[in-house]
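Asks: Below is the structure I would like to discuss, written out as structure tokens.
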Amino acid sequence: MLRALGLADAGDDERLAEVLADRLSTCRAEWVQEAVYSAGGLAVAVSSDTPDHPLVETFDFGDAARALPGASLPASGVRVLDLTRVIAGPIATRTLALLGADVLRVDSPRLAESDDAHADTGQGKRSTLLDLADRADRGGFDELLDAADVVVTGYRPGSLDRLGLSAEAMRERRPGLVVAQLCAWGWSGSWARRRGFDSLVQAANGIAAIEGTGDQPGVLPAQALDHGTGYLLAAAVLRALSERRGRTVRFSLAGTAAWLVREIRSAVLEGAEYSAEPWLATATSAYGELRHALPPMHYDGCPQTWSDAPTRWGTDRPRFRDWRNA
């Protein structure tokens, strides 16, 4: 950002914020947005408009990859290959793990991960590292894909295509597969291949203006677009499994933002002040003792929490638990 604004030599002293503010005050927001993006950074102009994005896109392709056994939990016996990062995608796969799925997250050893992020979203799952540019690792990954019922991806549209992991290529290899995809800005338009995250989408899609006061943009609490999109994605996967369909489902943070602004009516909470304590629990994990939020799902027989605490990121074998009837 500093390089894009001509401040690469501004240093990091205590006056940097003041120097940056002075520079920004002379620029149009849209110019900053494009200049920073061109320089490899991320910035968006705050907008009061909410572009129209679909909440979900669905494409059916025949019957499910295999018959699933009857079980007490909705996703028991389901093998999920998790190719997601940060919050939204890992929330979706963490939810499927809560409901019984065997979820294996696969990351590149070239991309670092935050211990805090993985401790939060790795519950109920296992985690392995595979370099898909390495022949041996790619062979192991293809074996996982051949056994999977669901693949969840959270990378920019087109970014996995060069690895032969487009939705079409994965379905061709594994007919009947459920492919669940998410991105920041939607699946068409000039911004589709741009990087992005929750706070930026809120700024560009009207939410920051709604939540703000005067010239100060606001924000929804708790990265609400990430969490909301993650739960919607998990629900769409469960729907595809229950209907025994091979299916591609697509969600975006921008689509969730449009749905919240255009379709959901806000209401004032009544009653006692909200308390987080009833929703908190403690678990022992490879990361030490974790104080964490309980899952938000409730139905008769629903697990109260995850069966397993998060393992250390990248330390599990690249195998599903049960390879029979692959």
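Just remember, in the structure tokens the first chain shown is A, the second B, etc., residues are 1-based per chain, and ligands are 1-based in the order shown.
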Env of region 115-118 of chain A: 7 Å cut, atoms = only C-alpha atoms, seq-sep filter 4 positions within chain, self excluded. Answer as a list in words.
Replies: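 Using only C-alpha atoms, the neighbours found are Val86, Gly122 and Trp313 of chain A.
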Asks: Excluding Asp149 (chain A) and its own-chain neighbours fewer than 4 positions away, which residues fall within 8 Å of it when counting only C-alpha atoms? Please give them as a PyMOL selection string.
Replies: chain A and resi 64-66+78-80+176-178
Asks: Report the distance between CA of Val103 (chain A) and CA of Thr128 (chain A) in Å, rounded to one decimal place.
Replies: 10.8 Å
Asks: Got a sec to tell me which of region 95-260 of chain A DSSP assigns to alpha helix (DSSP H), as a ChimeraX atom specification?
Replies: /A:95-98,115-121,135-147,167-173,198-204,207-211,224-242,253-260
Asks: Extract, using only C-alpha atoms, all DNA, RNA and protein residues at most 8 Å from Leu182 (chain A), discarding same-chain residues fewer than 4 positions from it, and format them as a ChimeraX atom specification.
Replies: /A:89,153-156,233,250-253
Asks: Residues within 9 Å of Pro90 (chain A), please, as a CSV table (one decimal) with C-alpha atoms, in the first residue's frame. Count only C-alpha atoms; anything in the same chain fewer than 2 positions from it doesn't count.
Replies:
```csv
chain,number,residue,atom,x,y,z
A,82,ASP,CA,-11.0,-29.7,2.7
A,83,LEU,CA,-9.1,-27.3,0.5
A,84,THR,CA,-9.9,-24.1,2.4
A,85,ARG,CA,-8.1,-21.5,4.5
A,86,VAL,CA,-8.8,-18.6,6.9
A,87,ILE,CA,-12.4,-18.6,8.2
A,88,ALA,CA,-15.4,-19.3,5.9
A,92,ALA,CA,-18.1,-25.1,6.8
A,93,THR,CA,-15.9,-28.2,7.1
A,94,ARG,CA,-15.7,-27.9,10.9
A,95,THR,CA,-19.6,-28.0,10.8
A,105,ARG,CA,-7.8,-30.6,5.4
A,118,HIS,CA,-6.3,-23.5,13.1
A,121,THR,CA,-11.4,-24.0,13.0
A,122,GLY,CA,-9.6,-27.3,13.1
A,154,GLY,CA,-12.0,-21.7,-0.7
A,230,GLY,CA,-19.5,-21.1,6.1
```
